[in-house]
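Below: coords.cif (mmCIF, C-alpha atoms)
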```cif
data_data
loop_
_atom_site.label_atom_id
_atom_site.label_comp_id
_atom_site.auth_asym_id
_atom_site.auth_seq_id
_atom_site.Cartn_x
_atom_site.Cartn_y
_atom_site.Cartn_z
CA MET A 1 17.90 -20.72 4.50
CA ALA A 2 18.77 -17.34 6.03
CA ASP A 3 19.79 -16.16 2.54
CA LEU A 4 16.44 -16.97 0.97
CA ASP A 5 14.67 -14.26 -0.99
CA LYS A 6 12.13 -12.27 1.04
CA SER A 7 9.24 -13.45 -1.09
CA LEU A 8 10.19 -17.11 -0.56
CA MET A 9 10.44 -16.65 3.20
CA VAL A 10 7.09 -14.86 3.28
CA LYS A 11 5.48 -17.58 1.17
CA ARG A 12 6.85 -20.35 3.37
CA LEU A 13 5.82 -18.76 6.66
CA THR A 14 2.39 -17.93 5.29
CA GLU A 15 1.66 -21.41 3.96
CA VAL A 16 3.01 -23.36 6.94
CA LEU A 17 1.33 -21.19 9.57
CA HIS A 18 -1.81 -20.64 7.44
CA LEU A 19 -1.70 -16.90 8.12
CA ASP A 20 -4.89 -15.04 7.27
CA THR A 21 -3.21 -11.76 6.32
CA GLY A 22 0.12 -10.75 4.83
CA ILE A 23 3.44 -10.22 6.58
CA VAL A 24 4.33 -6.53 6.78
CA GLY A 25 7.69 -4.80 6.65
CA ILE A 26 8.41 -1.63 8.63
CA LYS A 27 11.16 0.89 7.86
CA LEU A 28 11.87 3.97 9.98
CA TYR A 29 13.64 6.94 8.42
CA ARG A 30 15.54 9.75 10.10
CA ASP A 31 14.86 11.99 7.08
CA ARG A 32 11.52 11.96 5.30
CA LYS A 33 13.28 12.88 2.07
CA ASP A 34 14.50 9.28 1.92
CA LEU A 35 11.00 7.82 1.83
CA PRO A 36 10.36 5.67 -1.28
CA ARG A 37 6.91 7.22 -1.62
CA ARG A 38 5.11 10.30 -0.35
CA PRO A 39 2.59 10.04 2.51
CA TYR A 40 -1.11 10.53 1.96
CA ASN A 41 -2.15 14.17 2.19
CA TRP A 42 -4.59 13.41 5.02
CA LYS A 43 -3.96 12.32 8.59
CA VAL A 44 -3.91 8.61 9.43
CA ASN A 45 -2.72 6.22 12.13
CA ILE A 46 0.11 3.71 11.83
CA CYS A 47 -2.31 0.84 12.48
CA GLN A 48 -4.33 1.92 9.43
CA LEU A 49 -1.26 1.76 7.21
CA VAL A 50 -0.33 -1.68 8.55
CA SER A 51 -3.90 -2.83 7.95
CA ALA A 52 -3.75 -1.67 4.32
CA ALA A 53 -0.48 -3.53 3.85
CA ARG A 54 -1.58 -6.84 5.37
CA TYR A 55 -5.15 -6.92 4.06
CA GLN A 56 -4.78 -5.21 0.69
CA GLY A 57 -1.07 -5.41 -0.17
CA LYS A 58 -0.73 -1.62 -0.24
CA ALA A 59 2.47 0.28 0.53
CA SER A 60 2.30 3.67 2.26
CA SER A 61 4.28 6.19 4.24
CA GLY A 62 3.66 8.34 7.27
CA THR A 63 5.15 11.41 8.90
CA PRO A 64 4.32 12.76 12.36
CA ASP A 65 2.64 15.91 11.03
CA LEU A 66 0.21 13.68 9.13
CA MET A 67 -0.68 11.41 12.05
CA VAL A 68 -3.52 11.48 14.56
CA CYS A 69 -2.32 9.02 17.23
CA ALA A 70 0.28 10.73 19.42
CA ILE A 71 1.09 7.65 21.50
CA GLY A 72 1.75 5.60 18.34
CA ALA A 73 4.10 8.27 17.05
CA ALA A 74 5.87 8.40 20.42
CA CYS A 75 6.27 4.62 20.54
CA THR A 76 7.98 4.61 17.16
CA GLY A 77 10.18 7.61 17.97
CA LEU A 78 8.52 9.92 15.45
CA ILE A 79 7.96 12.51 18.20
CA LYS A 80 9.27 13.12 21.68
CA THR A 81 6.84 11.54 24.14
CA PRO A 82 4.42 14.27 25.27
CA GLU A 83 4.25 15.08 28.99
CA ARG A 84 0.64 13.91 29.24
CA PHE A 85 1.88 10.38 28.58
CA THR A 86 5.05 10.38 30.69
CA SER A 87 3.10 11.81 33.63
CA GLY A 88 0.31 9.28 33.19
CA LYS A 89 -2.40 11.93 32.87
CA ALA A 90 -3.53 10.65 29.45
CA ALA A 91 -4.51 7.28 30.93
CA LEU A 92 -6.38 8.73 33.92
CA GLY A 93 -10.05 7.81 33.86
CA ARG A 94 -9.56 5.86 30.65
CA TYR A 95 -7.44 2.96 31.84
CA VAL A 96 -6.33 3.70 35.40
CA ALA A 97 -7.75 5.02 38.66
CA ASP A 98 -5.10 7.61 39.52
CA VAL A 99 -2.14 9.46 38.02
CA GLU A 100 0.50 7.29 39.69
CA ALA A 101 -1.04 4.16 38.18
CA GLY A 102 -1.15 6.03 34.88
CA ARG A 103 2.52 6.91 35.15
CA ARG A 104 3.43 3.25 35.68
CA PHE A 105 1.03 2.22 32.91
CA MET A 106 2.73 4.52 30.44
CA ALA A 107 6.21 3.67 31.70
CA ASN A 108 5.45 0.05 30.85
CA THR A 109 4.43 1.04 27.31
CA TYR A 110 7.67 0.89 25.30
CA LYS A 111 8.25 4.27 23.66
CA LEU A 112 11.31 5.29 21.66
CA GLY A 113 10.13 8.88 22.12
CA ASP A 114 10.95 8.78 25.83
CA ASN A 115 14.50 9.66 24.75
CA GLY A 116 13.38 12.33 22.31
CA LYS A 117 12.48 12.30 18.64
CA VAL A 118 14.51 9.65 16.80
CA TYR A 119 12.87 9.31 13.38
CA ASP A 120 11.01 11.56 10.98
CA ALA A 121 9.06 9.08 8.85
CA ILE A 122 7.85 5.51 8.57
CA TYR A 123 7.37 3.28 5.51
CA ILE A 124 4.96 0.36 5.71
CA ALA A 125 4.52 -2.23 2.97
CA PRO A 126 4.02 -5.94 2.31
CA LEU A 127 7.35 -7.54 3.15
CA GLU A 128 7.93 -9.05 -0.27
CA SER A 129 7.59 -5.63 -1.92
CA TYR A 130 10.85 -4.41 -0.35
CA LYS A 131 13.23 -4.62 -3.30
CA THR A 132 16.15 -2.22 -2.89
CA GLU A 133 16.58 -2.23 0.89
CA ASP A 134 15.60 -4.28 3.91
CA PRO A 135 13.01 -3.18 6.46
CA ASP A 136 13.84 -2.70 10.12
CA ALA A 137 11.10 -4.97 11.44
CA VAL A 138 8.45 -7.44 10.36
CA VAL A 139 4.88 -7.53 11.66
CA ILE A 140 2.73 -10.66 11.74
CA TYR A 141 -0.85 -10.86 13.01
CA ALA A 142 -1.84 -14.34 14.15
CA ASN A 143 -4.18 -16.22 16.44
CA PRO A 144 -2.87 -17.71 19.72
CA ALA A 145 -2.23 -21.17 18.24
CA GLN A 146 -0.23 -19.70 15.36
CA MET A 147 1.56 -17.44 17.84
CA MET A 148 2.56 -20.49 19.85
CA ARG A 149 4.38 -21.84 16.80
CA LEU A 150 6.05 -18.50 16.12
CA ILE A 151 7.34 -18.59 19.70
CA HIS A 152 8.75 -22.07 19.11
CA CYS A 153 10.47 -20.82 15.95
CA CYS A 154 12.10 -18.07 18.03
CA LEU A 155 13.35 -20.21 20.90
CA HIS A 156 14.21 -23.37 18.97
CA GLU A 157 17.96 -22.82 19.30
CA THR A 158 18.14 -20.88 22.56
CA GLY A 159 15.21 -21.84 24.76
CA GLU A 160 14.87 -18.16 25.68
CA PRO A 161 11.30 -16.86 26.14
CA VAL A 162 9.76 -14.27 23.86
CA LYS A 163 8.79 -11.06 25.64
CA ALA A 164 5.08 -10.27 25.74
CA ASP A 165 3.70 -6.76 26.10
CA THR A 166 0.66 -7.14 28.33
CA VAL A 167 -0.11 -3.44 28.85
CA ALA A 168 -2.36 -3.55 25.76
CA GLU A 169 -1.72 0.10 24.92
CA ALA A 170 -0.42 1.07 21.47
CA ALA A 171 0.79 -2.53 21.23
CA LEU A 172 1.54 -2.48 17.51
CA CYS A 173 3.60 0.71 17.64
CA SER A 174 5.15 -0.15 20.99
CA SER A 175 6.20 -3.55 19.64
CA ILE A 176 7.72 -1.96 16.53
CA GLY A 177 9.75 0.38 18.72
CA PHE A 178 10.88 -2.49 20.94
CA ALA A 179 11.89 -4.78 18.06
CA VAL A 180 13.85 -2.03 16.30
CA LYS A 181 15.67 -0.78 19.39
CA GLU A 182 16.20 -4.01 21.35
CA GLN A 183 16.65 -6.28 18.32
CA LYS A 184 14.40 -8.90 19.88
CA PRO A 185 10.96 -10.30 19.01
CA ILE A 186 7.89 -9.38 21.02
CA ILE A 187 4.21 -10.31 21.20
CA GLY A 188 1.61 -7.62 21.85
CA PHE A 189 -2.06 -7.54 22.74
CA PRO A 190 -3.61 -5.13 20.20
CA CYS A 191 -5.11 -2.00 21.72
CA GLY A 192 -8.56 -0.54 21.23
CA GLY A 193 -7.29 1.82 18.54
CA ASP A 194 -5.79 -1.01 16.50
CA ARG A 195 -9.13 -2.80 16.65
CA THR A 196 -11.12 0.34 15.83
CA PHE A 197 -8.93 1.85 13.10
CA GLY A 198 -6.77 -1.09 11.96
CA GLY A 199 -9.44 -3.77 11.65
CA THR A 200 -7.69 -6.14 14.06
CA GLN A 201 -9.86 -9.17 14.78
CA LYS A 202 -10.83 -10.42 18.23
CA ASP A 203 -8.68 -13.56 17.92
CA GLU A 204 -5.51 -11.79 16.72
CA LEU A 205 -2.28 -11.02 18.53
CA VAL A 206 0.58 -9.07 16.99
CA PHE A 207 4.12 -10.41 16.62
CA VAL A 208 6.98 -8.07 15.73
CA ALA A 209 10.59 -9.09 15.17
CA PRO A 210 13.69 -7.40 13.81
CA TYR A 211 14.00 -8.15 10.11
CA ASN A 212 17.42 -9.74 10.49
CA MET A 213 15.76 -12.51 12.51
CA LEU A 214 13.41 -13.58 9.70
CA GLY A 215 15.81 -16.06 8.11
CA THR A 216 16.39 -17.75 11.48
CA LEU A 217 12.63 -17.98 12.06
CA VAL A 218 12.11 -19.75 8.74
CA GLU A 219 15.10 -22.01 9.27
CA ASN A 220 13.89 -23.02 12.73
CA MET A 221 10.39 -23.56 11.37
CA GLU A 222 11.77 -26.05 8.85
CA SER A 223 13.61 -27.87 11.64
CA LEU A 224 10.41 -28.09 13.66
CA LEU A 225 8.54 -29.39 10.63
CA MET A 226 11.09 -32.18 10.27
CA SER A 227 10.71 -33.20 13.90
CA THR A 228 6.97 -32.80 14.42
CA GLY A 229 5.58 -33.01 10.88
CA GLN A 230 2.99 -30.31 11.45
CA LEU A 231 3.07 -26.87 13.04
CA TYR A 232 -0.41 -25.48 12.49
CA PRO A 233 -3.16 -26.39 12.91
CA VAL A 234 -2.41 -28.68 15.84
CA ALA A 235 -3.84 -32.08 14.92
CA PRO A 236 -6.34 -33.59 17.40
CA PHE A 237 -5.45 -36.93 19.01
CA ASN A 238 -7.75 -39.50 17.45
CA ASN A 239 -6.21 -42.87 18.27
CA PHE A 240 -9.06 -44.03 20.49
CA THR A 241 -12.28 -45.99 20.26
CA PRO A 242 -15.27 -43.67 20.42
CA VAL A 243 -18.39 -44.29 22.46
CA MET A 244 -21.67 -43.66 20.66
CA VAL A 245 -25.35 -43.94 21.49
CA GLN A 246 -26.64 -47.48 21.32
CA SER A 247 -28.74 -47.02 18.21
CA TYR A 248 -25.70 -45.85 16.23
CA THR A 249 -23.22 -48.33 17.70
CA MET A 250 -22.27 -51.37 15.65
CA GLN A 251 -23.98 -54.49 17.03
CA PRO A 252 -22.86 -58.13 16.57
CA GLU A 253 -25.90 -58.85 14.47
CA ASP A 254 -24.97 -56.02 12.13
CA LEU A 255 -21.97 -58.06 11.06
CA GLU A 256 -23.96 -61.18 10.30
CA GLU A 257 -24.42 -62.00 6.67
CA LYS A 258 -28.08 -62.13 5.79
#
```
Output the file's structure in the form of structure tokens.
Amino acid sequence: MADLDKSLMVKRLTEVLHLDTGIVGIKLYRDRKDLPRRPYNWKVNICQLVSAARYQGKASSGTPDLMVCAIGAACTGLIKTPERFTSGKAALGRYVADVEAGRRFMANTYKLGDNGKVYDAIYIAPLESYKTEDPDAVVIYANPAQMMRLIHCCLHETGEPVKADTVAEAALCSSIGFAVKEQKPIIGFPCGGDRTFGGTQKDELVFVAPYNMLGTLVENMESLLMSTGQLYPVAPFNNFTPVMVQSYTMQPEDLEEK
């Protein structure tokens, strides 16, 4: 199963989990010259490019000089994290009451840029459109019930919990950085920017995993299907006798032949 074609794995995950939008592949490049396509010639945010990929099936690229969101670029290692974030000043008055709380807030937001600039470009596309090379990470937006099943697919063999980013700041980009660097899956609570610019819905969480884990996810999903028969939606328990109002309840005389 781990050797399945990308498109088959995407199709299977999408149909079993009833995902509303497409699965997205993320590739980070150290040299923008290696990008498979040029970026737009106007400034955008990473969440916008992911939105275009999952909603519209569009592939796109981004470079730090053509980005607006500095924290998103820092999370993905496209720039060195600016001092206003490491000090916590950027969060002051917006999310936290004082600079020290802001420093801890930002320290708990996973940022590859804390160790300096690592990458120079990012490529974002529907996962199945990656033909010549594999992405670094996969992004899935799902509701909490679907996310529960994704968690089960992750821990099926190990029982280990999936990390959750509960800072709710730059969650998409922070989760991408975490999955690429730590080679582990993570669940994030989308931030205000993702909702404003990326069209993230109120019932959606974001799941990001290293690409090399995708085959295991699908394989474990198939094992869970064999044991439980259904992953999503969770079927209601209906093996009971209902109680109804008297006028609608079957009476003995209703069974009498006239």
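Here the question is which of A:Gln230, A:Asp194, A:Arg38, A:Gly77 gets nearest to A:Ile176 using all atoms listed in the file, and that residue is A:Gly77.
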Any chance you could work out the residue set of the PyMOL selection byres ((chain A and resi 111-118) around 6) here, as JSON, numbers by chain? {"A": [74, 75, 76, 77, 78, 79, 80, 81, 110, 119, 177]}
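The space separating atom CA of A:Asn41 from atom CA of A:Ser174 comes to 24.7 Å.
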List, as a count of residues only, every residue that the PyMOL selection byres ((chain A and resi 152) around 12) selects in the file provided. 31
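Considering all atoms listed in the file, the residue among A:Leu49, A:Ala73, A:Leu127, A:Val180 positioned nearest to A:Met9 is A:Leu127.
Residues matched by the PyMOL selection byres ((chain A and resi 135) around 7) in this file are Gly25, Ile26, Lys27, Glu133, Asp134, Asp136, Ala137 and Tyr211 of chain A.
The smallest atom-to-atom distance between A:Glu100 and any of A:Phe197, A:Phe178, A:Tyr141, A:Phe85, using only C-alpha atoms, is found for A:Phe85.
Atom CA of A:Asp165 is found 15.9 Å from atom CA of A:Tyr95.
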Cut-off 7 Å around (11.0, -10.3, 10.7) with all atoms listed in the file: residues as a PDB file with C-alpha atoms, in the coordinates of the input:
```pdb
ATOM      1  CA  ALA A 137      11.100  -4.970  11.440  1.00  0.00           C
ATOM      2  CA  VAL A 138       8.450  -7.440  10.360  1.00  0.00           C
ATOM      3  CA  VAL A 139       4.880  -7.530  11.660  1.00  0.00           C
ATOM      4  CA  VAL A 208       6.980  -8.070  15.730  1.00  0.00           C
ATOM      5  CA  ALA A 209      10.590  -9.090  15.170  1.00  0.00           C
ATOM      6  CA  PRO A 210      13.690  -7.400  13.810  1.00  0.00           C
ATOM      7  CA  TYR A 211      14.000  -8.150  10.110  1.00  0.00           C
ATOM      8  CA  ASN A 212      17.420  -9.740  10.490  1.00  0.00           C
ATOM      9  CA  MET A 213      15.760 -12.510  12.510  1.00  0.00           C
ATOM     10  CA  LEU A 214      13.410 -13.580   9.700  1.00  0.00           C
TER      11      LEU A 214
END
```
Distance query A:Gly188 at most 6 Å, only C-alpha atoms, self and fewer than 4 positions along chain excluded, as a ChimeraX atom specification: /A:164-165,171,206
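Shortest atom-to-atom contact with A:Thr166 among A:Asn108, A:Gln201, A:Thr63, A:Asn45: A:Asn108, counting only C-alpha atoms.
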Is there a way to get, as an mmCIF file with C-alpha atoms, in the coordinates of the input, all residues within 6 Å of the point (1.7, 6.1, 32.1) in file coordinates, counting all atoms listed in the file?
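For reference, point_38.cif as written:
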```cif
data_model
loop_
_atom_site.group_PDB
_atom_site.id
_atom_site.type_symbol
_atom_site.label_atom_id
_atom_site.label_comp_id
_atom_site.auth_asym_id
_atom_site.auth_seq_id
_atom_site.Cartn_x
_atom_site.Cartn_y
_atom_site.Cartn_z
ATOM 1 C CA PHE A 85 1.880 10.380 28.580
ATOM 2 C CA THR A 86 5.050 10.380 30.690
ATOM 3 C CA GLY A 88 0.310 9.280 33.190
ATOM 4 C CA GLY A 102 -1.150 6.030 34.880
ATOM 5 C CA ARG A 103 2.520 6.910 35.150
ATOM 6 C CA ARG A 104 3.430 3.250 35.680
ATOM 7 C CA PHE A 105 1.030 2.220 32.910
ATOM 8 C CA MET A 106 2.730 4.520 30.440
ATOM 9 C CA ALA A 107 6.210 3.670 31.700
#
```
Rounded to one decimal place, report the atom CA of A:Asp98-atom CA of A:Phe189 distance in Å. 22.8 Å
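Using only C-alpha atoms for every distance, the candidate list A:Val243, A:Ala52, A:Leu28, A:Ala142 yields A:Leu28 as the residue closest to A:Tyr123.
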Since the input lacks some atoms of stretch 100-111 of chain A, please model all heavy atoms and print them as an mmCIF file, in the frame of the given file.
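After the write, out_1.cif holds the following:
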```cif
data_model
loop_
_atom_site.group_PDB
_atom_site.id
_atom_site.type_symbol
_atom_site.label_atom_id
_atom_site.label_comp_id
_atom_site.auth_asym_id
_atom_site.auth_seq_id
_atom_site.Cartn_x
_atom_site.Cartn_y
_atom_site.Cartn_z
ATOM 1 N N GLU A 100 -0.669 8.137 39.437
ATOM 2 C CA GLU A 100 0.500 7.290 39.690
ATOM 3 C C GLU A 100 0.379 5.967 38.942
ATOM 4 O O GLU A 100 1.346 5.476 38.358
ATOM 5 C CB GLU A 100 0.682 7.046 41.184
ATOM 6 C CG GLU A 100 1.851 6.151 41.564
ATOM 7 C CD GLU A 100 3.193 6.630 41.001
ATOM 8 O OE1 GLU A 100 3.347 7.851 40.780
ATOM 9 O OE2 GLU A 100 4.069 5.776 40.771
ATOM 10 N N ALA A 101 -0.826 5.384 38.961
ATOM 11 C CA ALA A 101 -1.040 4.160 38.180
ATOM 12 C C ALA A 101 -0.870 4.453 36.692
ATOM 13 O O ALA A 101 -0.325 3.643 35.936
ATOM 14 C CB ALA A 101 -2.425 3.595 38.458
ATOM 15 N N GLY A 102 -1.317 5.637 36.276
ATOM 16 C CA GLY A 102 -1.150 6.030 34.880
ATOM 17 C C GLY A 102 0.304 6.200 34.507
ATOM 18 O O GLY A 102 0.719 5.841 33.399
ATOM 19 N N ARG A 103 1.095 6.752 35.425
ATOM 20 C CA ARG A 103 2.520 6.910 35.150
ATOM 21 C C ARG A 103 3.178 5.556 34.947
ATOM 22 O O ARG A 103 3.975 5.371 34.012
ATOM 23 C CB ARG A 103 3.197 7.650 36.306
ATOM 24 C CG ARG A 103 4.669 7.978 36.069
ATOM 25 C CD ARG A 103 5.352 8.443 37.320
ATOM 26 N NE ARG A 103 5.382 7.389 38.317
ATOM 27 C CZ ARG A 103 6.232 6.351 38.293
ATOM 28 N NH1 ARG A 103 7.103 6.237 37.299
ATOM 29 N NH2 ARG A 103 6.182 5.438 39.230
ATOM 30 N N ARG A 104 2.853 4.595 35.818
ATOM 31 C CA ARG A 104 3.430 3.250 35.680
ATOM 32 C C ARG A 104 2.909 2.573 34.407
ATOM 33 O O ARG A 104 3.652 1.872 33.721
ATOM 34 C CB ARG A 104 3.107 2.403 36.908
ATOM 35 C CG ARG A 104 3.822 2.848 38.176
ATOM 36 C CD ARG A 104 3.749 1.783 39.248
ATOM 37 N NE ARG A 104 2.373 1.536 39.664
ATOM 38 C CZ ARG A 104 1.767 2.159 40.668
ATOM 39 N NH1 ARG A 104 2.419 3.091 41.355
ATOM 40 N NH2 ARG A 104 0.521 1.883 40.999
ATOM 41 N N PHE A 105 1.645 2.779 34.115
ATOM 42 C CA PHE A 105 1.030 2.220 32.910
ATOM 43 C C PHE A 105 1.781 2.688 31.661
ATOM 44 O O PHE A 105 2.154 1.890 30.795
ATOM 45 C CB PHE A 105 -0.434 2.663 32.859
ATOM 46 C CG PHE A 105 -1.186 2.270 31.620
ATOM 47 C CD1 PHE A 105 -1.782 1.021 31.514
ATOM 48 C CD2 PHE A 105 -1.343 3.166 30.570
ATOM 49 C CE1 PHE A 105 -2.497 0.657 30.370
ATOM 50 C CE2 PHE A 105 -2.045 2.816 29.432
ATOM 51 C CZ PHE A 105 -2.626 1.562 29.333
ATOM 52 N N MET A 106 2.035 3.984 31.585
ATOM 53 C CA MET A 106 2.730 4.520 30.440
ATOM 54 C C MET A 106 4.211 4.184 30.443
ATOM 55 O O MET A 106 4.816 4.004 29.377
ATOM 56 C CB MET A 106 2.538 6.040 30.374
ATOM 57 C CG MET A 106 1.145 6.459 29.946
ATOM 58 S SD MET A 106 0.740 5.841 28.283
ATOM 59 C CE MET A 106 -0.962 6.408 28.113
ATOM 60 N N ALA A 107 4.799 4.058 31.618
ATOM 61 C CA ALA A 107 6.210 3.670 31.700
ATOM 62 C C ALA A 107 6.409 2.257 31.187
ATOM 63 O O ALA A 107 7.477 1.918 30.658
ATOM 64 C CB ALA A 107 6.704 3.784 33.139
ATOM 65 N N ASN A 108 5.386 1.435 31.317
ATOM 66 C CA ASN A 108 5.450 0.050 30.850
ATOM 67 C C ASN A 108 5.028 -0.092 29.390
ATOM 68 O O ASN A 108 4.981 -1.201 28.862
ATOM 69 C CB ASN A 108 4.591 -0.852 31.730
ATOM 70 C CG ASN A 108 5.223 -1.096 33.081
ATOM 71 O OD1 ASN A 108 6.411 -1.350 33.180
ATOM 72 N ND2 ASN A 108 4.432 -1.016 34.144
ATOM 73 N N THR A 109 4.696 1.017 28.746
ATOM 74 C CA THR A 109 4.430 1.040 27.310
ATOM 75 C C THR A 109 5.719 1.493 26.631
ATOM 76 O O THR A 109 6.136 2.641 26.802
ATOM 77 C CB THR A 109 3.281 2.004 26.974
ATOM 78 O OG1 THR A 109 2.101 1.591 27.666
ATOM 79 C CG2 THR A 109 3.000 2.017 25.483
ATOM 80 N N TYR A 110 6.356 0.597 25.877
ATOM 81 C CA TYR A 110 7.670 0.890 25.300
ATOM 82 C C TYR A 110 7.575 2.014 24.284
ATOM 83 O O TYR A 110 6.843 1.908 23.299
ATOM 84 C CB TYR A 110 8.243 -0.372 24.652
ATOM 85 C CG TYR A 110 9.724 -0.294 24.353
ATOM 86 C CD1 TYR A 110 10.654 -0.811 25.251
ATOM 87 C CD2 TYR A 110 10.185 0.286 23.184
ATOM 88 C CE1 TYR A 110 12.021 -0.743 24.985
ATOM 89 C CE2 TYR A 110 11.536 0.365 22.908
ATOM 90 C CZ TYR A 110 12.447 -0.154 23.808
ATOM 91 O OH TYR A 110 13.795 -0.080 23.547
ATOM 92 N N LYS A 111 8.326 3.100 24.520
ATOM 93 C CA LYS A 111 8.250 4.270 23.660
ATOM 94 C C LYS A 111 9.654 4.774 23.333
ATOM 95 O O LYS A 111 10.381 5.207 24.228
ATOM 96 C CB LYS A 111 7.451 5.385 24.340
ATOM 97 C CG LYS A 111 6.046 4.979 24.772
ATOM 98 C CD LYS A 111 5.299 6.105 25.443
ATOM 99 C CE LYS A 111 5.906 6.514 26.775
ATOM 100 N NZ LYS A 111 5.926 5.419 27.770
#
```
